[in-house]
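See below for the structure under consideration.
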Amino acid sequence: MTRESTLPCNDDGQYTDSRDPTYNHWRKHSTFYALSITTTLASLLLISERNKWRASGIDFQMAIQYPVSAAFVTQLLAALFGVIHMAAICKMINYALRLRLWRASVSLDVLRTWVDMKIPRVDWDLPLRFFFPVLFMVFLSLVPAALWAGSFAPLLSTTPISMSVKIPAYENISMTKEYPMEIGNDGPSIRSSKGLFTYSVGQKLIAPLLSTAAAASSNFTASLVHPKIDNTRFSYTGRSYGVGSSVGLSDFAIGYFANVMCIYNTTSNFTLSPVDDWIYAAAGTLPDSVGGPEYSSYIGHDSKAIVAMGVAHSELSPRRYVAITVGESYAHLNNTQCELDFRPWLFAVHLLGQAFNSSIDAYSMVMGGSWPPLTQEERNLGGLTNSITAMADDMPAAYAAAQLMVGGYYNVDFSTTFDITAQVLVPAMQFGQPVFIYAIFALNTIILIVLFFESTRTDAWRGLTRFDYLDPRDLIVAASRGGVRLAKAADETVGQNDAKIPKRNGRLVVGMGRDEGGHAAIELDEERSEGLMGEGWVSYAGVGVDEEKARVREALGRKAKGRVGMFGSFKRTVKA
C-alpha cells in the first residue's frame, strides 16, 4: 500500500498536508517531547553536583559489588539518552531540509548528503565537499552518549553523615598528672575492644608513640597515613594536632599546635651513668628544672642501647624541654635538647589530612638533594624535631581519650548521656564527574534553545508536508510522478570526453513540484542540469524523449550553469 503525498495550497501560499488525518501534532512533535526526560535528568545531575548528593545505601553496595554490571547499565542508559538527543537533532535537521526542499533546487548528491546527515552514516562515494560535513555529523552523534556516560557513571566518593559522640571535658583534671614509672603506681587505665586508654601515656603507650615517631614523614614528602593509638581503625594522614580523640570525626576542635625546636647542647647537665649492676641513672637538670634535678633509672646489660628522655615538670617555667642522653649506639642523639611550645589552635581536623613529619632517615632522603648539602648534625636535628613533633601531637589526644574513656567525665553543661552532633565522612557513590555533568547540561540546553528558535522561525513547521525524502516510498512515488525525464537525463550524463559516467548523475538537479492532483512530484530542473547530458537530449513540455529534431547542446561536456550547495540553490516557486 502506497501513501499519497498531496499538497493543497493554503491562504498563505504554503503547501500543507491537512487532508491526511494521521499527520497530527503528536506525530510531528513526539520526538521533541522526549527531551523532557533528558532535561529532567540533566537538571537532577546538576542539582546533585551543586548540593553534593551522594548515594550510600543499596545503590552504593551494588555498584561496589558488581562493577562490571554497573558499567554495563551505565553504557546502556547513556546510549539511550544519547539516542534521544540525536533523534531531536536529526529531526530538526530533517524538518528544516524538508521545508528547504520545496523552495530550492538540489542535486542528487545533495539529497544523498541530507539522507546521510539524518541517519547519520558515512557515504564514502560522496564528493569531498559533502563528505566532511557528513563525517562531522557522524562524530557528533557519538558525543551525547559519551557525555551521558561520564555524567552519571558511578564513582567512589565520600559523604558526610551526622552522628552523635561524647566529648571529653576538663573541669576535673585531678587524674591528669605525672605518674611515677613504677609498678603499681601508674595512672588509672582501662582496656576494651577499642584499645588501651590510660593516664600514664608516656609509660603504657610508649610503643605506639615511638611507632608514630619512627614513621613520621617530612612536610616535603607525600602524605603518610598513621593510625590512631587505639583500635578504632581510624587513621590520621599527617599531624593530629592533639585532636580527634572522639574517633572518626570531621569536626572543628581546639587542639594544640606543637612547635618544636631541637639543638645540640654540648654543656647539657643531663647525663647517663651507672649506679649499680645493670642499673643506669639518667639524671641532671634541664633548662626548665625548678626545685631539683630530674632522675630516672634504666636497666640493661650495658648502657650502649639506652635512650633516656628527661622532662621537667614546673608550672613556673614558661617553656617545656625534652633532654636526651644515650649510650654509644645512639651517639648522634646524645646531648640533644628540644624545646616544645604548645599553642591552642582551632583545627578543622579530618582523620585523613596532610602529613608533616619524618624520621631522621626519611628526612635525610628528602633533603639529600638540597644545596648546600646538609651536615649530619642538621639531618639528625631535623629528623629528631619531626619525630618529637609527631609524639607531641599524639600525646594530648591520648590524654583526651583517657579523660573520655577512663575518667568518665563529659561536658558538665549536659547530662552524661548527651550526644554532640558531628559530621563523619563515610564511603559513598558519586554520580559522574562535574565536567561531564556541566557539559551534558549545556548540550541539553543548547538543543532546547535551537528547538525553540526553529519552532519560532518556522511557525512550528507549519508548511511541513508528509513527503519525507528519507522514506523510500515517498521518493519512488514522487519520482514516478515527475515522469521519465529524470531517468532519461541520468542515462545521458557524460564526462568531459563524452563518455557516459553513471555516477555523474549525482550532479543532476531536481526540485519538488506537484501533479494535477496536488500530489508531490520530483522533477528534473533542466536549466540547472544543463551541460551534464550529451548531444541528442531533447527538452520540451511534457514527457522527455530522444528525437532527431530537437534542441542540441551547444558543446559536448558543457558544465552545468551553477554549482548547487549543500543546502540547495536557486530559489524557486512551485507552480500551481
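Chain labels run A, B, ... following the order of the C-alpha cells; each chain numbers its residues from 1, and ligands are numbered from 1 in the order shown.
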Notebook entry, point to check: Using only C-alpha atoms, which residues sit within 12 Å of Gly82 of chain A once same-chain residues fewer than 5 positions away are excluded, as a ChimeraX atom specification?
Noted result: /A:34-35,37-38,74-77,87-89,140-151,440,443-444
Store the residues of this selection in a file with N, CA and C atoms, as a CSV table (one decimal), in the first residue's frame.
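Saved file selection10.csv follows:
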```
chain,number,residue,atom,x,y,z
A,34,ALA,N,10.4,13.9,24.0
A,34,ALA,CA,11.3,13.0,24.8
A,34,ALA,C,12.4,13.8,25.4
A,35,LEU,N,12.6,15.0,25.0
A,35,LEU,CA,13.7,15.9,25.6
A,35,LEU,C,13.3,16.2,27.0
A,37,ILE,N,12.6,14.1,29.2
A,37,ILE,CA,13.3,13.1,30.0
A,37,ILE,C,14.8,13.5,30.2
A,38,THR,N,15.5,13.9,29.2
A,38,THR,CA,16.9,14.3,29.3
A,38,THR,C,17.0,15.6,30.1
A,74,THR,N,25.3,1.5,32.9
A,74,THR,CA,25.7,2.9,32.6
A,74,THR,C,25.8,3.1,31.1
A,75,GLN,N,26.5,2.3,30.4
A,75,GLN,CA,26.6,2.4,29.0
A,75,GLN,C,25.3,2.3,28.3
A,76,LEU,N,24.4,1.4,28.8
A,76,LEU,CA,23.1,1.2,28.1
A,76,LEU,C,22.3,2.4,28.3
A,77,LEU,N,22.2,3.0,29.5
A,77,LEU,CA,21.4,4.2,29.7
A,77,LEU,C,22.0,5.4,29.0
A,87,ALA,N,18.2,12.0,18.2
A,87,ALA,CA,16.9,12.0,17.5
A,87,ALA,C,16.3,13.4,17.3
A,88,ALA,N,16.4,14.2,18.4
A,88,ALA,CA,15.9,15.5,18.3
A,88,ALA,C,16.7,16.4,17.4
A,89,ILE,N,18.0,16.2,17.4
A,89,ILE,CA,18.9,17.0,16.5
A,89,ILE,C,18.6,16.6,15.0
A,140,LEU,N,29.7,13.7,15.7
A,140,LEU,CA,28.8,14.5,16.6
A,140,LEU,C,27.8,13.5,17.2
A,141,SER,N,27.4,12.5,16.5
A,141,SER,CA,26.4,11.6,17.0
A,141,SER,C,26.9,10.7,18.2
A,142,LEU,N,28.3,10.7,18.3
A,142,LEU,CA,28.9,9.9,19.3
A,142,LEU,C,29.0,10.7,20.6
A,143,VAL,N,28.9,12.0,20.5
A,143,VAL,CA,29.2,12.9,21.7
A,143,VAL,C,28.2,12.7,22.8
A,144,PRO,N,26.9,12.8,22.5
A,144,PRO,CA,25.9,12.8,23.6
A,144,PRO,C,26.0,11.6,24.5
A,145,ALA,N,26.1,10.4,23.9
A,145,ALA,CA,26.2,9.2,24.7
A,145,ALA,C,27.4,9.2,25.5
A,146,ALA,N,28.6,9.7,25.0
A,146,ALA,CA,29.8,9.7,25.8
A,146,ALA,C,29.7,10.7,26.9
A,147,LEU,N,29.0,11.8,26.7
A,147,LEU,CA,28.8,12.8,27.8
A,147,LEU,C,27.9,12.2,28.9
A,148,TRP,N,26.9,11.5,28.4
A,148,TRP,CA,25.9,10.9,29.4
A,148,TRP,C,26.7,9.8,30.2
A,149,ALA,N,27.5,9.1,29.6
A,149,ALA,CA,28.2,8.0,30.3
A,149,ALA,C,29.1,8.6,31.4
A,150,GLY,N,29.8,9.8,31.1
A,150,GLY,CA,30.6,10.4,32.1
A,150,GLY,C,29.8,11.2,33.1
A,151,SER,N,28.6,11.5,32.9
A,151,SER,CA,27.8,12.4,33.8
A,151,SER,C,27.1,11.6,34.9
A,440,ILE,N,26.9,18.0,29.7
A,440,ILE,CA,25.6,17.4,29.3
A,440,ILE,C,24.5,18.4,29.5
A,443,LEU,N,24.8,20.9,26.7
A,443,LEU,CA,24.4,20.4,25.5
A,443,LEU,C,22.8,20.3,25.4
A,444,ASN,N,22.2,19.8,26.5
A,444,ASN,CA,20.8,19.8,26.5
A,444,ASN,C,20.1,21.1,26.4
```
Distance query Ser297 of chain A at most 10 Å, only C-alpha atoms, self and fewer than 4 positions along chain excluded, as a CSV table (one decimal) with C-alpha atoms, in the first residue's frame:
```csv
chain,number,residue,atom,x,y,z
A,181,MET,CA,57.3,4.8,86.3
A,272,LEU,CA,73.6,8.7,81.7
A,273,SER,CA,75.8,7.0,84.4
A,274,PRO,CA,76.0,3.6,86.1
A,275,VAL,CA,74.8,3.3,89.7
A,279,ILE,CA,71.2,-0.2,86.6
A,280,TYR,CA,71.9,3.1,85.0
A,281,ALA,CA,70.7,6.6,86.0
A,282,ALA,CA,69.6,9.4,83.7
A,283,ALA,CA,70.0,12.4,85.9
A,308,ALA,CA,66.8,8.2,78.1
```
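Between atom CA of Leu404 of chain A and atom CA of Ile388 of chain A lies a distance of 24.8 Å.
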Next item on the list: Skip Trp278 of chain A itself and residues of its chain fewer than 5 positions away, then list as a ChimeraX atom specification all residues within 6 Å of it, counting only C-alpha atoms.
Entry: /A:299-301
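Taking atom CA of Val435 of chain A and atom CA of Gly57 of chain A as endpoints, the distance between them is 24.9 Å.
Closest approach to Met429 of chain A among A:Ala312, A:Leu155, A:Ile119, A:Val110 is made by A:Leu155 (distances from only C-alpha atoms).
Remark: for Arg98 of chain A, the closest of the candidate residues A:Leu470, A:Met309, A:Ala521, A:Ile58 is A:Leu470 (distances computed over only C-alpha atoms).
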